[in-house]
$ cat target.cif   # mmCIF, C-alpha atoms and all ligand atoms
data_work
#
loop_
_atom_site.label_atom_id
_atom_site.label_comp_id
_atom_site.auth_asym_id
_atom_site.auth_seq_id
_atom_site.Cartn_x
_atom_site.Cartn_y
_atom_site.Cartn_z
CA MET A 47 -51.41 -75.36 -191.42
CA SER A 48 -48.69 -76.31 -189.01
CA ASP A 49 -49.33 -78.72 -186.16
CA LEU A 50 -47.50 -78.37 -182.90
CA GLN A 51 -44.08 -79.72 -183.87
CA GLN A 52 -43.59 -81.13 -180.39
CA THR A 53 -44.80 -80.52 -176.85
CA PRO A 54 -42.80 -77.55 -175.57
CA ASN A 55 -40.09 -78.60 -173.14
CA PHE A 56 -39.43 -75.72 -170.75
CA GLU A 57 -36.57 -77.65 -169.17
CA ASP A 58 -34.49 -77.39 -172.36
CA THR A 59 -31.96 -74.81 -171.14
CA GLN A 60 -29.62 -75.46 -174.05
CA ARG A 61 -32.22 -74.20 -176.47
CA ALA A 62 -33.41 -71.43 -174.13
CA PHE A 63 -29.98 -69.86 -173.69
CA ALA A 64 -28.18 -70.78 -176.93
CA HIS A 65 -28.20 -67.09 -177.89
CA LEU A 66 -26.30 -66.06 -174.75
CA SER A 67 -22.53 -66.32 -174.43
CA GLU A 68 -21.02 -67.67 -171.23
CA GLN A 69 -20.21 -64.11 -170.21
CA GLU A 70 -23.78 -62.92 -170.79
CA LEU A 71 -25.17 -65.90 -168.93
CA THR A 72 -22.86 -65.25 -165.99
CA ARG A 73 -23.95 -61.62 -165.94
CA ALA A 74 -27.58 -62.76 -165.97
CA LYS A 75 -26.83 -65.06 -163.03
CA PHE A 76 -25.42 -62.20 -160.95
CA LEU A 77 -28.30 -59.97 -161.97
CA PHE A 78 -31.00 -62.43 -160.91
CA GLN A 79 -29.08 -63.13 -157.70
CA ALA A 80 -29.06 -59.40 -156.96
CA VAL A 81 -32.72 -58.74 -157.79
CA GLY A 82 -33.60 -61.84 -155.80
CA ASN A 83 -32.59 -59.98 -152.66
CA ILE A 84 -35.67 -58.03 -151.58
CA ARG A 85 -33.70 -55.64 -149.35
CA LEU A 86 -31.25 -54.87 -152.14
CA VAL A 87 -34.12 -54.27 -154.58
CA ARG A 88 -35.78 -51.87 -152.12
CA ILE A 89 -32.55 -49.94 -151.63
CA GLY A 90 -31.89 -49.94 -155.41
CA LYS A 91 -35.43 -48.74 -156.07
CA ALA A 92 -35.12 -45.85 -153.60
CA LEU A 93 -31.74 -44.82 -155.02
CA ALA A 94 -32.93 -45.08 -158.64
CA GLN A 95 -36.07 -43.03 -157.88
CA LEU A 96 -34.00 -40.40 -156.10
CA ALA A 97 -31.50 -40.22 -158.96
CA HIS A 98 -34.39 -40.03 -161.46
CA PHE A 99 -36.01 -37.22 -159.49
CA LEU A 100 -32.77 -35.26 -159.02
CA ARG A 101 -31.70 -35.98 -162.60
CA ILE A 102 -28.44 -37.54 -161.37
CA PRO A 103 -26.83 -39.56 -164.18
CA VAL A 104 -26.96 -43.25 -163.29
CA GLY A 105 -26.25 -44.72 -166.73
CA TRP A 106 -22.79 -45.93 -165.70
CA ALA A 107 -24.37 -48.22 -163.06
CA ILE A 108 -27.51 -49.22 -164.92
CA ARG A 109 -26.32 -49.67 -168.52
CA PRO A 110 -24.00 -52.68 -168.03
CA THR A 111 -26.38 -54.40 -165.62
CA VAL A 112 -30.19 -54.26 -165.60
CA TYR A 113 -30.49 -52.03 -168.66
CA SER A 114 -28.54 -54.20 -171.09
CA HIS A 115 -30.33 -57.30 -169.81
CA PHE A 116 -33.90 -56.00 -170.04
CA CYS A 117 -33.66 -53.36 -172.82
CA GLY A 118 -32.69 -53.43 -176.50
CA GLY A 119 -30.91 -50.05 -176.57
CA GLU A 120 -31.44 -46.32 -176.38
CA ALA A 121 -32.54 -45.99 -180.02
CA ILE A 122 -34.24 -48.36 -182.44
CA ALA A 123 -31.01 -48.86 -184.42
CA GLU A 124 -29.30 -50.10 -181.24
CA CYS A 125 -31.93 -52.85 -180.93
CA GLU A 126 -30.94 -54.39 -184.28
CA GLU A 127 -28.73 -57.12 -182.81
CA THR A 128 -31.46 -58.18 -180.39
CA ILE A 129 -34.11 -58.18 -183.13
CA ALA A 130 -31.87 -60.29 -185.38
CA THR A 131 -31.06 -62.81 -182.64
CA LEU A 132 -34.72 -63.22 -181.76
CA ALA A 133 -35.67 -63.62 -185.43
CA GLU A 134 -33.02 -66.32 -185.93
CA ASN A 135 -34.93 -68.22 -183.25
CA GLN A 136 -38.37 -67.60 -184.82
CA ILE A 137 -39.26 -65.04 -182.15
CA HIS A 138 -40.85 -61.78 -183.21
CA THR A 139 -40.01 -58.40 -181.73
CA ILE A 140 -42.37 -55.87 -180.16
CA LEU A 141 -40.47 -52.57 -179.93
CA ASP A 142 -41.64 -50.85 -176.75
CA TYR A 143 -40.73 -47.22 -176.19
CA SER A 144 -40.66 -47.18 -172.43
CA ALA A 145 -41.25 -43.59 -171.36
CA GLU A 146 -43.76 -43.17 -168.56
CA GLY A 147 -45.19 -40.40 -166.40
CA LYS A 148 -44.92 -37.44 -168.79
CA GLU A 149 -47.32 -34.56 -168.19
CA GLN A 150 -46.38 -31.70 -170.55
CA GLU A 151 -48.13 -31.59 -173.94
CA SER A 152 -44.79 -31.22 -175.76
CA ASP A 153 -43.42 -34.32 -173.99
CA LEU A 154 -46.58 -36.27 -174.86
CA ASP A 155 -46.22 -35.26 -178.52
CA ASP A 156 -42.58 -36.30 -178.39
CA THR A 157 -43.46 -39.72 -176.95
CA LYS A 158 -46.07 -40.18 -179.65
CA LEU A 159 -43.46 -39.37 -182.29
CA ARG A 160 -41.04 -41.94 -180.88
CA ILE A 161 -43.74 -44.61 -180.78
CA SER A 162 -44.61 -43.70 -184.38
CA LYS A 163 -41.00 -44.31 -185.36
CA ALA A 164 -41.14 -47.72 -183.70
CA ILE A 165 -44.26 -48.48 -185.73
CA ASP A 166 -42.51 -47.28 -188.90
CA ALA A 167 -39.65 -49.71 -188.18
CA THR A 168 -42.06 -52.61 -188.70
CA GLU A 169 -42.65 -51.66 -192.35
CA ASP A 170 -41.83 -54.60 -194.65
CA ASP A 171 -39.96 -56.28 -191.80
CA GLN A 172 -41.53 -59.59 -190.83
CA ARG A 173 -39.30 -59.84 -187.75
CA HIS A 174 -41.74 -57.55 -185.93
CA GLY A 175 -44.89 -59.15 -184.51
CA PHE A 176 -46.71 -56.15 -183.03
CA SER A 177 -46.31 -52.54 -182.08
CA VAL A 178 -47.33 -51.28 -178.65
CA PHE A 179 -48.10 -48.17 -176.67
CA LYS A 180 -49.23 -47.07 -173.24
CA VAL A 181 -51.98 -44.46 -173.20
CA SER A 182 -50.31 -42.86 -170.16
CA GLY A 183 -47.32 -42.18 -172.41
CA ILE A 184 -49.42 -39.90 -174.62
CA ALA A 185 -51.80 -38.46 -171.97
CA SER A 186 -51.32 -36.83 -168.58
CA THR A 187 -52.34 -39.21 -165.80
CA ALA A 188 -54.46 -36.52 -164.14
CA LEU A 189 -56.52 -36.17 -167.32
CA LEU A 190 -56.77 -39.93 -167.81
CA GLN A 191 -58.05 -40.29 -164.28
CA LYS A 192 -60.64 -37.54 -164.74
CA VAL A 193 -61.87 -39.12 -167.98
CA ALA A 194 -61.93 -42.57 -166.38
CA GLU A 195 -63.85 -41.46 -163.29
CA ASP A 196 -65.87 -38.38 -164.24
CA PRO A 197 -65.99 -38.01 -168.05
CA LYS A 198 -69.17 -35.89 -168.01
CA HIS A 199 -67.59 -33.05 -166.10
CA LEU A 200 -64.50 -32.16 -168.12
CA THR A 201 -63.70 -28.47 -168.43
CA ASN A 202 -63.31 -27.05 -171.95
CA LEU A 203 -59.55 -27.22 -171.63
CA GLU A 204 -59.72 -30.83 -170.43
CA SER A 205 -62.04 -31.75 -173.31
CA MET A 206 -59.59 -30.25 -175.78
CA ALA A 207 -56.68 -32.09 -174.16
CA TRP A 208 -58.69 -35.34 -174.28
CA ASP A 209 -59.38 -34.78 -177.99
CA ARG A 210 -55.62 -34.44 -178.50
CA VAL A 211 -55.01 -37.72 -176.64
CA LYS A 212 -57.58 -39.50 -178.81
CA ALA A 213 -56.00 -38.01 -181.92
CA ARG A 214 -52.54 -39.24 -180.85
CA ALA A 215 -53.88 -42.74 -180.19
CA GLY A 216 -55.84 -42.60 -183.46
CA ASP A 217 -52.72 -41.64 -185.43
CA LEU A 218 -50.71 -44.50 -183.91
CA CYS A 219 -53.40 -47.09 -184.65
CA GLU A 220 -53.93 -45.68 -188.14
CA ARG A 221 -50.22 -45.93 -188.92
CA ALA A 222 -50.02 -49.49 -187.58
CA ALA A 223 -53.10 -50.47 -189.60
CA SER A 224 -51.70 -48.94 -192.78
CA LEU A 225 -48.53 -51.03 -192.38
CA GLY A 226 -50.48 -54.16 -191.50
CA THR A 227 -48.79 -54.47 -188.09
CA PRO A 228 -51.15 -55.23 -185.20
CA ILE A 229 -50.78 -52.92 -182.21
CA PHE A 230 -51.22 -53.53 -178.48
CA ILE A 231 -52.63 -50.96 -176.08
CA ASP A 232 -51.16 -51.83 -172.68
CA ALA A 233 -53.37 -52.01 -169.57
CA GLU A 234 -52.61 -49.77 -166.60
CA GLU A 235 -53.98 -48.86 -163.16
CA THR A 236 -57.74 -49.37 -162.57
CA TRP A 237 -58.32 -45.66 -161.96
CA LEU A 238 -57.07 -44.95 -165.53
CA GLN A 239 -58.34 -48.05 -167.29
CA ASN A 240 -61.89 -46.93 -168.22
CA ALA A 241 -60.38 -44.12 -170.30
CA ILE A 242 -57.94 -46.57 -171.94
CA ASP A 243 -60.76 -49.04 -172.64
CA ALA A 244 -62.79 -46.25 -174.28
CA ILE A 245 -59.91 -45.39 -176.62
CA ALA A 246 -59.30 -49.06 -177.40
CA LEU A 247 -62.97 -49.66 -178.18
CA ASP A 248 -63.10 -46.72 -180.63
CA GLN A 249 -59.96 -47.91 -182.39
CA MET A 250 -61.01 -51.57 -182.51
CA ARG A 251 -64.35 -50.63 -184.05
CA LYS A 252 -62.54 -48.59 -186.65
CA HIS A 253 -59.67 -50.90 -187.59
CA ASN A 254 -60.75 -54.44 -186.68
CA THR A 255 -63.46 -54.95 -189.28
CA HIS A 256 -61.68 -57.71 -191.23
CA GLN A 257 -59.19 -58.91 -188.64
CA ALA A 258 -57.82 -57.78 -185.29
CA VAL A 259 -55.33 -54.94 -185.73
CA VAL A 260 -55.82 -53.07 -182.45
CA PHE A 261 -55.52 -55.14 -179.27
CA ASN A 262 -56.71 -53.99 -175.85
CA THR A 263 -55.24 -55.64 -172.72
CA VAL A 264 -57.11 -57.50 -169.98
CA GLN A 265 -55.58 -57.95 -166.50
CA PHE A 266 -56.87 -61.03 -164.73
CA TYR A 267 -55.69 -59.98 -161.29
CA ARG A 268 -58.85 -57.87 -161.47
CA HIS A 269 -61.88 -59.89 -160.39
CA ASP A 270 -64.13 -58.22 -162.99
CA ARG A 271 -62.09 -58.83 -166.11
CA LEU A 272 -63.18 -62.29 -167.19
CA GLY A 273 -66.67 -60.79 -167.43
CA TYR A 274 -65.27 -57.87 -169.42
CA LEU A 275 -63.50 -60.25 -171.83
CA GLN A 276 -66.75 -62.13 -172.37
CA SER A 277 -68.94 -59.05 -172.82
CA MET A 278 -66.45 -57.45 -175.26
CA THR A 279 -66.41 -60.67 -177.28
CA ARG A 280 -70.21 -60.59 -177.52
CA GLN A 281 -70.18 -56.91 -178.41
CA ALA A 282 -67.60 -57.48 -181.16
CA ALA A 283 -69.60 -60.42 -182.55
CA GLY A 284 -72.82 -58.40 -182.41
CA GLU A 285 -71.33 -55.32 -184.07
CA GLY A 286 -69.32 -57.28 -186.64
CA TRP A 287 -65.70 -56.57 -185.71
CA HIS A 288 -62.83 -58.62 -184.27
CA PHE A 289 -61.82 -58.30 -180.64
CA GLY A 290 -58.02 -58.14 -180.33
CA VAL A 291 -56.92 -58.84 -176.79
CA LYS A 292 -53.70 -59.32 -174.87
CA LEU A 293 -54.21 -61.41 -171.75
CA VAL A 294 -52.01 -60.62 -168.74
CA ARG A 295 -52.20 -61.15 -164.99
CA GLY A 296 -51.42 -57.52 -164.15
CA ALA A 297 -48.42 -55.51 -163.02
CA TYR A 298 -49.69 -53.05 -160.38
CA MET A 299 -51.10 -55.30 -157.68
CA GLU A 300 -49.43 -53.75 -154.62
CA LYS A 301 -50.25 -50.24 -155.77
CA GLU A 302 -53.89 -51.20 -156.40
CA ARG A 303 -54.33 -52.84 -153.01
CA LYS A 304 -52.60 -50.01 -151.17
CA ARG A 305 -54.73 -47.31 -152.80
CA ALA A 306 -57.95 -49.24 -152.16
CA ALA A 307 -57.02 -49.70 -148.49
CA GLU A 308 -55.97 -46.07 -148.05
CA ARG A 309 -59.14 -44.70 -149.66
CA GLY A 310 -61.48 -47.29 -148.18
CA TYR A 311 -62.97 -48.83 -151.32
CA PRO A 312 -63.10 -52.59 -152.08
CA SER A 313 -59.92 -53.84 -153.70
CA PRO A 314 -60.34 -54.52 -157.44
CA ILE A 315 -57.78 -57.33 -157.09
CA GLN A 316 -58.63 -61.02 -156.81
CA PRO A 317 -58.58 -62.51 -153.31
CA ASP A 318 -55.54 -64.69 -154.07
CA LYS A 319 -53.12 -65.84 -156.75
CA ALA A 320 -55.14 -69.00 -157.43
CA ALA A 321 -58.15 -66.86 -158.44
CA THR A 322 -55.96 -64.83 -160.82
CA ASP A 323 -54.52 -68.02 -162.33
CA ARG A 324 -58.00 -69.55 -162.69
CA ASP A 325 -59.37 -66.52 -164.56
CA PHE A 326 -56.25 -66.17 -166.74
CA ASP A 327 -56.53 -69.79 -167.88
CA ALA A 328 -60.30 -69.42 -168.34
CA GLY A 329 -59.49 -66.39 -170.50
CA ILE A 330 -57.21 -68.47 -172.72
CA ARG A 331 -59.90 -71.12 -173.11
CA TRP A 332 -62.57 -68.50 -173.83
CA CYS A 333 -60.46 -66.89 -176.57
CA LEU A 334 -59.66 -70.24 -178.19
CA GLU A 335 -63.38 -71.04 -178.26
CA HIS A 336 -64.21 -67.71 -179.94
CA LEU A 337 -61.56 -67.39 -182.63
CA ASP A 338 -64.27 -66.53 -185.14
CA CYS A 339 -64.27 -63.03 -183.64
CA VAL A 340 -61.27 -62.96 -181.26
CA ALA A 341 -57.49 -62.82 -181.80
CA PHE A 342 -55.34 -62.92 -178.69
CA CYS A 343 -51.88 -62.88 -177.22
CA SER A 344 -51.13 -64.53 -173.91
CA GLY A 345 -48.59 -62.21 -172.26
CA SER A 346 -47.19 -64.34 -169.49
CA HIS A 347 -44.11 -65.90 -167.93
CA ASN A 348 -46.19 -68.55 -166.24
CA GLU A 349 -45.14 -72.01 -167.43
CA ALA A 350 -48.46 -73.69 -166.62
CA SER A 351 -50.46 -71.10 -168.59
CA ASN A 352 -48.13 -71.33 -171.58
CA ALA A 353 -48.22 -75.14 -171.49
CA LEU A 354 -52.02 -74.96 -171.26
CA LEU A 355 -52.13 -72.74 -174.34
CA ALA A 356 -50.01 -75.20 -176.35
CA ARG A 357 -52.05 -78.16 -175.13
CA HIS A 358 -55.43 -76.57 -175.89
CA LEU A 359 -54.28 -75.61 -179.38
CA GLN A 360 -53.37 -79.21 -180.02
CA GLU A 361 -56.55 -80.64 -178.48
CA ALA A 362 -58.77 -78.24 -180.44
CA GLY A 363 -56.95 -79.07 -183.68
CA ILE A 364 -55.98 -75.42 -184.17
CA SER A 365 -52.82 -74.84 -186.14
CA ALA A 366 -49.89 -74.00 -183.82
CA ASP A 367 -49.11 -70.94 -185.92
CA ASP A 368 -52.68 -69.73 -186.33
CA PRO A 369 -52.24 -65.96 -186.82
CA ARG A 370 -54.96 -65.25 -184.22
CA VAL A 371 -53.00 -66.91 -181.41
CA TRP A 372 -49.76 -65.60 -179.87
CA SER A 373 -47.66 -65.94 -176.75
CA ALA A 374 -45.40 -63.09 -175.64
CA GLN A 375 -42.77 -62.51 -172.97
CA LEU A 376 -40.48 -59.65 -172.00
CA LEU A 377 -36.86 -59.36 -173.13
CA GLY A 378 -34.51 -60.82 -170.54
CA MET A 379 -37.19 -62.95 -168.93
CA SER A 380 -38.44 -66.49 -169.42
CA ASP A 381 -36.29 -67.36 -172.41
CA HIS A 382 -36.96 -71.01 -171.55
CA ILE A 383 -40.61 -70.33 -172.43
CA SER A 384 -40.14 -68.09 -175.48
CA PHE A 385 -37.42 -70.12 -177.22
CA ASN A 386 -38.99 -73.51 -176.52
CA LEU A 387 -42.52 -72.43 -177.53
CA ALA A 388 -41.13 -70.99 -180.77
CA LYS A 389 -39.30 -74.25 -181.37
CA SER A 390 -42.64 -76.05 -181.04
CA GLY A 391 -44.05 -73.89 -183.81
CA LEU A 392 -46.17 -71.38 -181.87
CA ASN A 393 -46.27 -67.67 -182.72
CA VAL A 394 -44.02 -66.06 -180.12
CA ALA A 395 -42.97 -62.45 -179.59
CA LYS A 396 -40.91 -60.54 -177.05
CA TYR A 397 -41.28 -56.95 -175.87
CA VAL A 398 -37.98 -55.20 -176.60
CA PRO A 399 -38.06 -52.01 -174.52
CA PHE A 400 -35.92 -49.16 -175.78
CA GLY A 401 -35.32 -45.55 -174.87
CA PRO A 402 -32.95 -43.32 -172.93
CA ILE A 403 -31.74 -45.05 -169.76
CA ARG A 404 -33.32 -42.36 -167.54
CA GLU A 405 -36.73 -42.93 -169.11
CA THR A 406 -36.63 -46.69 -168.58
CA ILE A 407 -36.04 -46.54 -164.81
CA PRO A 408 -39.71 -47.09 -163.76
CA TYR A 409 -39.87 -50.07 -166.15
CA LEU A 410 -36.60 -51.50 -164.80
CA ILE A 411 -37.78 -51.10 -161.21
CA ARG A 412 -40.93 -53.10 -162.04
CA ARG A 413 -38.80 -55.87 -163.57
CA ALA A 414 -36.51 -55.97 -160.54
CA GLU A 415 -39.48 -56.13 -158.16
CA GLU A 416 -41.14 -58.84 -160.20
CA ASN A 417 -38.00 -60.94 -159.90
CA SER A 418 -37.40 -60.48 -156.19
CA PHE A 419 -38.25 -63.51 -154.12
CA VAL A 420 -38.45 -64.71 -150.56
CA ALA A 421 -34.96 -64.92 -149.08
CA GLY A 422 -33.53 -68.41 -149.27
CA GLN A 423 -35.55 -69.47 -152.30
CA THR A 424 -34.09 -69.51 -155.77
CA SER A 425 -36.13 -68.00 -158.58
CA ARG A 426 -36.98 -70.13 -161.57
CA GLU A 427 -34.93 -67.83 -163.83
CA LEU A 428 -31.87 -68.19 -161.64
CA GLU A 429 -32.27 -71.94 -161.28
CA LEU A 430 -32.38 -72.41 -165.07
CA ILE A 431 -29.43 -70.08 -165.70
CA LYS A 432 -27.33 -71.94 -163.14
CA ARG A 433 -28.35 -75.24 -164.66
CA GLU A 434 -27.28 -74.12 -168.13
CA LEU A 435 -23.93 -72.82 -166.86
CA GLN A 436 -23.39 -76.17 -165.20
CA ARG A 437 -24.38 -78.06 -168.38
CA ARG A 438 -21.91 -76.02 -170.45
CA LYS A 439 -19.14 -76.68 -167.94
CA GLN A 440 -19.78 -80.43 -168.12
CA THR A 441 -19.88 -80.52 -171.92
CA ALA A 442 -16.86 -78.19 -172.42
C1 LIG A 501 -45.75 -59.64 -173.10
C2 LIG A 501 -46.24 -59.05 -171.82
C3 LIG A 501 -47.04 -57.91 -171.84
C4 LIG A 501 -47.50 -57.36 -170.65
N1 LIG A 501 -48.34 -56.28 -170.69
C5 LIG A 501 -48.87 -55.80 -169.54
C6 LIG A 501 -49.83 -54.76 -169.55
O1 LIG A 501 -50.19 -54.23 -170.59
N2 LIG A 501 -50.33 -54.33 -168.35
C7 LIG A 501 -49.98 -54.92 -167.15
O2 LIG A 501 -50.51 -54.55 -166.10
N3 LIG A 501 -49.07 -55.91 -167.12
C8 LIG A 501 -48.50 -56.36 -168.27
N4 LIG A 501 -47.60 -57.39 -168.22
C9 LIG A 501 -47.08 -57.87 -166.91
C10 LIG A 501 -48.01 -58.94 -166.36
O3 LIG A 501 -49.26 -58.36 -166.03
C11 LIG A 501 -47.48 -59.62 -165.08
O4 LIG A 501 -47.16 -58.66 -164.12
C12 LIG A 501 -46.26 -60.47 -165.27
O5 LIG A 501 -46.21 -61.02 -166.53
C13 LIG A 501 -46.26 -61.59 -164.22
O6 LIG A 501 -47.35 -62.48 -164.42
P1 LIG A 501 -47.17 -63.88 -165.16
O7 LIG A 501 -48.43 -64.29 -165.83
O8 LIG A 501 -46.02 -63.73 -166.07
O9 LIG A 501 -46.72 -64.92 -164.08
P2 LIG A 501 -46.95 -65.35 -162.59
O10 LIG A 501 -45.62 -65.21 -161.96
O11 LIG A 501 -47.60 -66.68 -162.55
O12 LIG A 501 -47.96 -64.33 -161.93
C14 LIG A 501 -47.59 -63.24 -161.16
C15 LIG A 501 -48.78 -62.33 -161.20
O13 LIG A 501 -49.91 -62.94 -160.57
C16 LIG A 501 -50.67 -61.95 -159.90
N5 LIG A 501 -50.65 -62.24 -158.47
C17 LIG A 501 -49.56 -62.54 -157.70
N6 LIG A 501 -49.90 -62.72 -156.42
C18 LIG A 501 -51.24 -62.54 -156.35
C19 LIG A 501 -52.17 -62.57 -155.27
N7 LIG A 501 -51.80 -62.82 -154.01
N8 LIG A 501 -53.48 -62.32 -155.55
C20 LIG A 501 -53.89 -62.06 -156.83
N9 LIG A 501 -53.05 -62.02 -157.89
C21 LIG A 501 -51.74 -62.25 -157.66
C22 LIG A 501 -50.02 -60.61 -160.22
O14 LIG A 501 -50.64 -60.10 -161.37
C23 LIG A 501 -48.58 -60.99 -160.50
O15 LIG A 501 -47.93 -60.06 -161.34
C24 LIG A 501 -47.13 -57.96 -169.41
C25 LIG A 501 -46.34 -59.09 -169.39
C26 LIG A 501 -45.90 -59.65 -170.57
C27 LIG A 501 -45.07 -60.89 -170.50
#
$ encode --input "target.cif" --output "structure tokens"
Amino acid sequence: MSDLQQTPNFEDTQRAFAHLSEQELTRAKFLFQAVGNIRLVRIGKALAQLAHFLRIPVGWAIRPTVYSHFCGGEAIAECEETIATLAENQIHTILDYSAEGKEQESDLDDTKLRISKAIDATEDDQRHGFSVFKVSGIASTALLQKVAEDPKHLTNLESMAWDRVKARAGDLCERAASLGTPIFIDAEETWLQNAIDAIALDQMRKHNTHQAVVFNTVQFYRHDRLGYLQSMTRQAAGEGWHFGVKLVRGAYMEKERKRAAERGYPSPIQPDKAATDRDFDAGIRWCLEHLDCVAFCSGSHNEASNALLARHLQEAGISADDPRVWSAQLLGMSDHISFNLAKSGLNVAKYVPFGPIRETIPYLIRRAEENSFVAGQTSRELELIKRELQRRKQTA
């Protein structure tokens, strides 16, 4: 059992950025300055979407900038350096094949194969913490939506396609379970999520009998999800399996609100950020109080939530490296959290997205949008990077 080695210090920029050379740090500074400009991000998004749609090669612009900052490489082998650097700092990797929005069956099979290879890469390699997949990567979104909203009225063809989706998800979870690597199922838009939850529930019942192998994801920007977390915990306890859950705030807020307003139904999103924060932190506390049947990963770049996790672990006398408790961040973001939490002895992992540059564009756009901020204010990422550059200059 390992106690928290020390309270995590998120101000320790030396530790947070020790793995980045001066050149890489300077590139990161320019990158966060650029994505901090909302107008520039909007123009970049429109251009990237147009290029993606018209199949115009944009690798020359994207590879040296956003891509190399937020992604590990085009193939798993190219991610090796990133995986090794993270491991040297006690941070585990989560290889994330970031293809989205495929509709053809052959493309869905191909995505499944690539995710399978990422799962295979975890074999006998302790540097990997989890595997991950998005159900929309192995299912058409139209079908997912139909299953989520009207599962009783599928046509024969749709039923057969849905069986194939379940088989793909089943194969991925089976492979992960056979290698002993836990696997996350990412959460997506509300109008798809019931179908994703159904797949996750089947797989958790099957594989989580002794410990959590399959993890569903709960988005706390939804006002109904704390209740879902609690009812799933009770169901797992009642049925005798372990509920694996990744806690996140949620990545599709604008899209959710816009759709709800356009179609005239009540927004599924919390009334404000404070409500999301309150439920996220309540989710952490709930999971810590139910570790007899819950294993969880807090997927967040929020300093207060990560500090709360570390503090509650300590107060509850739970070992910092309890295998049922994890914190995860995305590559290229919040290194001050990942590296300092790992230094304090917590289980930490980072998503390392990989895949052809073209396929990662929707993911990169989300990252850029997430990092854009009100003009005149400096983002936390940028502030810390600048501080570290300054510190290095003074100590040179
Ligand atoms: C390891 C990892 C895995 C992830 N997996 C998923 C996933 O499977 N599915 C998914 O959807 N997202 C996922 N995300 C993204 C995540 O949901 C958030 O978009 C992102 O992490 C920002 O939230 P935060 O907790 O890091 O920090 P913060 O910056 O504190 O929170 C920002 C978030 O708060 C919420 N928010 C902001 N303003 C408001 C408002 N006015 N009202 C209500 N809520 C508001 C939104 O969710 C916003 O993204 C993942 C993130 C990480 C780090």
$ residues_around --input "target.cif" --residues "region 368-382 of chain A" --least-positions-apart "6" --cutoff "6 Å" --atoms "all atoms listed in the file" --output "NGL selection string"
:A and (56 or 62 or 115-116 or 341-347 or 393-398)
$ residues_around --input "target.cif" --residues "region 135-140 of chain A" --least-positions-apart "2" --cutoff "7 Å" --atoms "all atoms listed in the file" --output "list of chain:residue names"
A:Ile129, A:Thr131, A:Leu132, A:Ala133, A:Asp142, A:Arg173, A:His174, A:Gly175, A:Phe176, A:Ser177, A:Val178, A:Phe385, A:Ala388, A:Val394, A:Ala395, A:Lys396, A:Tyr397, A:Val398
$ closest_residue --input "target.cif" --among "A:Thr236, A:Gln249, A:Thr279, A:Gln360" --to "ligand LIG 501 (chain A)" --atoms "only C-alpha atoms and all ligand atoms"
A:Thr236
$ closest_atom_pairs --input "target.cif" --of "region 108-187 of chain A" --to "region 209-220 of chain A" --cutoff "12 Å" --atoms "only C-alpha atoms" --output "JSON lines"
{"residue": "A:Glu149", "atom": "CA", "partner": "A:Val211", "partner_atom": "CA", "distance": 11.9}
{"residue": "A:Glu151", "atom": "CA", "partner": "A:Arg210", "partner_atom": "CA", "distance": 9.2}
{"residue": "A:Ser152", "atom": "CA", "partner": "A:Arg210", "partner_atom": "CA", "distance": 11.6}
{"residue": "A:Leu154", "atom": "CA", "partner": "A:Val211", "partner_atom": "CA", "distance": 8.7}
{"residue": "A:Asp155", "atom": "CA", "partner": "A:Arg214", "partner_atom": "CA", "distance": 7.8}
{"residue": "A:Asp156", "atom": "CA", "partner": "A:Arg214", "partner_atom": "CA", "distance": 10.7}
{"residue": "A:Thr157", "atom": "CA", "partner": "A:Arg214", "partner_atom": "CA", "distance": 9.9}
{"residue": "A:Lys158", "atom": "CA", "partner": "A:Arg214", "partner_atom": "CA", "distance": 6.6}
{"residue": "A:Leu159", "atom": "CA", "partner": "A:Leu218", "partner_atom": "CA", "distance": 9.0}
{"residue": "A:Arg160", "atom": "CA", "partner": "A:Leu218", "partner_atom": "CA", "distance": 10.5}
{"residue": "A:Ile161", "atom": "CA", "partner": "A:Leu218", "partner_atom": "CA", "distance": 7.6}
{"residue": "A:Ser162", "atom": "CA", "partner": "A:Leu218", "partner_atom": "CA", "distance": 6.2}
{"residue": "A:Lys163", "atom": "CA", "partner": "A:Leu218", "partner_atom": "CA", "distance": 9.8}
{"residue": "A:Ala164", "atom": "CA", "partner": "A:Leu218", "partner_atom": "CA", "distance": 10.1}
{"residue": "A:Ile165", "atom": "CA", "partner": "A:Leu218", "partner_atom": "CA", "distance": 7.8}
{"residue": "A:Asp166", "atom": "CA", "partner": "A:Leu218", "partner_atom": "CA", "distance": 10.0}
{"residue": "A:Phe176", "atom": "CA", "partner": "A:Cys219", "partner_atom": "CA", "distance": 11.4}
{"residue": "A:Ser177", "atom": "CA", "partner": "A:Cys219", "partner_atom": "CA", "distance": 9.3}
{"residue": "A:Val178", "atom": "CA", "partner": "A:Leu218", "partner_atom": "CA", "distance": 9.2}
{"residue": "A:Phe179", "atom": "CA", "partner": "A:Leu218", "partner_atom": "CA", "distance": 8.5}
{"residue": "A:Lys180", "atom": "CA", "partner": "A:Ala215", "partner_atom": "CA", "distance": 9.4}
{"residue": "A:Val181", "atom": "CA", "partner": "A:Ala215", "partner_atom": "CA", "distance": 7.4}
{"residue": "A:Ser182", "atom": "CA", "partner": "A:Val211", "partner_atom": "CA", "distance": 9.5}
{"residue": "A:Gly183", "atom": "CA", "partner": "A:Val211", "partner_atom": "CA", "distance": 9.8}
{"residue": "A:Ile184", "atom": "CA", "partner": "A:Val211", "partner_atom": "CA", "distance": 6.3}
{"residue": "A:Ala185", "atom": "CA", "partner": "A:Val211", "partner_atom": "CA", "distance": 5.7}
{"residue": "A:Ser186", "atom": "CA", "partner": "A:Val211", "partner_atom": "CA", "distance": 8.9}
{"residue": "A:Thr187", "atom": "CA", "partner": "A:Val211", "partner_atom": "CA", "distance": 11.3}
